[in-house]
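Here the structure comes first, spelled out in structure tokens, and everything after it is commentary.
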Amino acid sequence: MVTASAMVDWDFAATTACSLMTAGPAATPGEVRAVVDSLRDAAVRAEQPIAETTRMEPIAPMAPVLVVDRHTWARANISAFDAALSPLVDLLTHRSDDHDEVANSATGSSEAASGRSAAVVGAVGSRATAFQVGTLLAYVGTKVLGQHEVFTQEGTEPRLMLVAPNVLLAERSLGVDPDAFRLWVCLHEQTHRVQLASAPWLRDMLRDDLRAFFEAADLDTSSLRERLGELVSSSGAAVRGESGRSLLEAVQTPEQREILDRLVALMTLLEGHADWAMDEVGDEVVPGVAQVRAAFERRRSGVGRLDQLLRRLFGLDQKLAQYREGAAFVRGVISAVGVDGLNAVWSGPQTLPLRSEIDEPLRWVERVHGQGVVA
């Protein structure tokens, strides 16, 4: 049987990501120390405004804050992929092996031939998959400003990571005040920290949904080939600036799409809520917050055709939409039932918005709070 470690060469993925990424913008040792110290201070200063704005009460320990470089961020994400995916790869491998045993029995293929085939496929596939993971992380790793870990190795607590070189590069390219920008970024990331500490059940839900997503995988080669063909067509459409399907959309079964709808709604809520909170604090906390927001929106949109293509293929354009749609959902709910009414969303899986409710927040209000609230 091909093991999980043989399916994905995580060391090669990390090597690929780090080799494709530059260290970041030019900076003196003094400038590096200054931005690291400033981000640590901003993370602390962001705690109280976010607590007052969100009115959420953490019931689990808050994740520690860590200021990192790009390569440390990439290696942390490789470790997270390993922790999240290895049990699921084992699951699919067992299913695939069972399928192969039946096929070999029917065709009279020898066990030795099957073993050699599995070894070749495993060796090639593990590095090919690792290269894909490393390439994706190399692209994202030059853009991400902060990230709250969800999946970690057993015995390791999640952390909130702030990627110092990317923050430095962004503030320089945007021409914004460094102190204001760093605090603004930390307000967004601290909101994620509060979300996961106030609703610790979210981690278990994400893990369960990810397992269900893999369990619903279609291992039929012909149908997978058909969907990958659709991906090729969508790539051409993306190059021409037309609408197309993302890499993830191209390999889903109907059951997986249902799970993905639930996950997309959740991620839209999380990102939109954080975007709302970081802007809600106002000029008294972040001077010129509206100007910072306007400059950052231009950065989010991407400027080059290649950048737009890569975002489309990796499905990252969907994440950009999540910020805007999620923030609109949060504002719509708050306008109807206030911040405390919105916070009912963190009660449990049953109160999370459906994907169909994201664009119509009053439907969520009606379902969770009752018809009388919106009359």
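To be explicit about the labels: the chains of the structure tokens are called A, B, and onward in the order shown, and within each one the residues are counted from 1, while ligands get numbers from 1 in the order they are shown.
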
Do you have, as a tab-separated table, the list of residues of segment 313-355 of chain A lying at most 12 Å from segment 280-286 of chain A, each with its nearest atom pair and that distance in Å to one decimal, counting only C-alpha atoms and ordered by chain then number?
```
residue	atom	partner	partner_atom	distance
A:Ala327	CA	A:Glu280	CA	10.8
A:Val330	CA	A:Glu280	CA	11.5
A:Arg331	CA	A:Glu280	CA	10.3
A:Val339	CA	A:Glu280	CA	11.6
```

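The shell of residues at most 8 Å from segment 21-29 of chain A, with only C-alpha atoms counted and near chain neighbours (fewer than 3 positions) removed, consists of Ala17, Cys18, Val32, Arg33, Asp69, Arg70, His71, Ala138, Tyr139, Gly141, Thr142, Pro165, Asn166, Leu168 and Leu169 of chain A.
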
- Message: Which residues are close to Leu354 of chain A, i.e. within 7 Å by only C-alpha atoms, leaving aside same-chain residues fewer than 2 positions away? Reply as a PyMOL selection string.
- Response: chain A and resi 262+265+352+356-358

- Query: So which one's closest to Ala74 of chain A, A:Thr135, A:Gln256, A:Gln190, A:Gln195? Using only C-alpha atoms, please.
  - Reply: A:Thr135

- Using only C-alpha atoms, determine which residues lie at most 10 Å from segment 274-278 of chain A, disregarding the query and same-chain residues fewer than 3 positions distant; provide the list as a PyMOL selection string. chain A and resi 46+49-54+183-195+268-271+281-282+285-286+289+293+322-324+326-331

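Residues within 9 Å of Ala83 of chain A, counting only C-alpha atoms and excluding same-chain residues fewer than 6 positions away, are Phe151, Thr152, Gln153 and Glu154 of chain A.
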
- Note on the structure: Correct to one decimal, the distance atom CA of Leu137 of chain A-atom CA of Asp82 of chain A is 13.8 Å
